[in-house]
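Please read the structure below before turning to the comments.
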Amino acid sequence: NYVIDDDLATDRTTRSLTRVGWDSIASVLCDARDIPATYFASNHTITKFGSATDRSGQFFPFRRHPHNIRLYLAMNSLEDKRKVAMMKVVYAHFAGNFCLDLFEDMSPSLIIEILGFVNLGFEALNVQ
């Protein structure tokens with residue numbers, strides 16, 4: 001479990017995370033700056049977010065998570081953390097619209113290796 005400090009991350013009137021709070025959590029779970037950051041700097045172990053709202057420290061999970069947060073937490077619940085990292089790379093850099101400029105300065109052999117890696121990631125996501 002990962003506890004968010006209510007004073008820093010929540011809107012006091014609604015007692016829910018602000019957009020800035022959710023964006024911060026998303027960047028911890030999936031650092032999309034580039035492929036190495038997504039693979040190596042993203043957190044692949046956190047599976048729940050919540051807040052400790054009283055002195056007892058009791059954990060209160062947030063009831064609603066944005067779609068991307070739910071997806072990252074579901075990925076993190078898998079045991080194979082290498083697979084989790086690969087899935088996040090595919091989701092962050094190759095799902096939907098992506099820019100081919102990523103490959104501009106790469107050697108052909110590296111491009112082939114990355115595309116093989118991406119294929120494994122798509123298979124892990126069960127994307128055909």
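The way I read the labels, and the way they are meant: chains A, B, ... in the order of the structure tokens, residue 1 as the first residue of every chain, and ligand 1 as the first ligand shown, with later ones counted on from there.
Those residues that approach Ile114 (chain A) to within 12 Å, counting only C-alpha atoms, are Ile35, Pro36, Met86, Val89, Val90, His93, Phe94, Leu102, Phe103, Met106, Ser107, Pro108, Ser109, Asn119, Leu120 and Gly121 of chain A; same-chain residues fewer than 5 positions away are not listed.
Excluding Cys30 (chain A) itself and same-chain residues fewer than 2 positions from it, the residues having an atom within 10 Å of it are Ser24, Ile25, Ala26, Ser27, Val28, Ala32, Arg33, Ala37, Thr38, Tyr39, Phe40, Ala41, Ser42, Asn43, His44, Asn68, Ile69, Tyr72, Ala85, Lys88, Val89, Tyr91 and Ala92 of chain A, counting only C-alpha atoms.
Our summary of the geometry notes that CA of Val118 (chain A) is positioned 13.9 Å from CA of Asp34 (chain A).
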* **For Leu73 (chain A): contacts at 9 Å, only C-alpha atoms, fewer than 2 positions along chain excluded, given as a ChimeraX atom specification** => /A:29,44-49,68-71,75-77
Would you output that residue set with C-alpha atoms, as a PDB file, in the first residue's frame?
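Saved result, selection_18.pdb, follows:
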ATOM      1  CA  LEU A  29       3.875   4.429 -11.762  1.00  0.00           C
ATOM      2  CA  HIS A  44       6.350  -1.685 -10.790  1.00  0.00           C
ATOM      3  CA  THR A  45       5.377  -2.806  -7.267  1.00  0.00           C
ATOM      4  CA  ILE A  46       2.736  -0.418  -5.869  1.00  0.00           C
ATOM      5  CA  THR A  47      -0.721  -1.975  -6.218  1.00  0.00           C
ATOM      6  CA  LYS A  48      -2.900   0.305  -4.045  1.00  0.00           C
ATOM      7  CA  PHE A  49      -3.145   4.002  -3.261  1.00  0.00           C
ATOM      8  CA  ASN A  68      -4.427   5.131 -16.454  1.00  0.00           C
ATOM      9  CA  ILE A  69      -3.861   4.697 -12.711  1.00  0.00           C
ATOM     10  CA  ARG A  70      -6.192   1.654 -12.609  1.00  0.00           C
ATOM     11  CA  LEU A  71      -4.289   0.189 -15.564  1.00  0.00           C
ATOM     12  CA  MET A  75      -0.154  -4.211 -14.310  1.00  0.00           C
ATOM     13  CA  ASN A  76       1.798  -3.882 -11.054  1.00  0.00           C
ATOM     14  CA  SER A  77      -0.255  -6.671  -9.495  1.00  0.00           C
TER      15      SER A  77
END
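Put simply, CA of Glu79 (chain A) is 19.8 Å away from CA of Asp31 (chain A).
Across the structure, CA of Leu100 (chain A) and CA of Ala124 (chain A) are spaced 22.3 Å apart.
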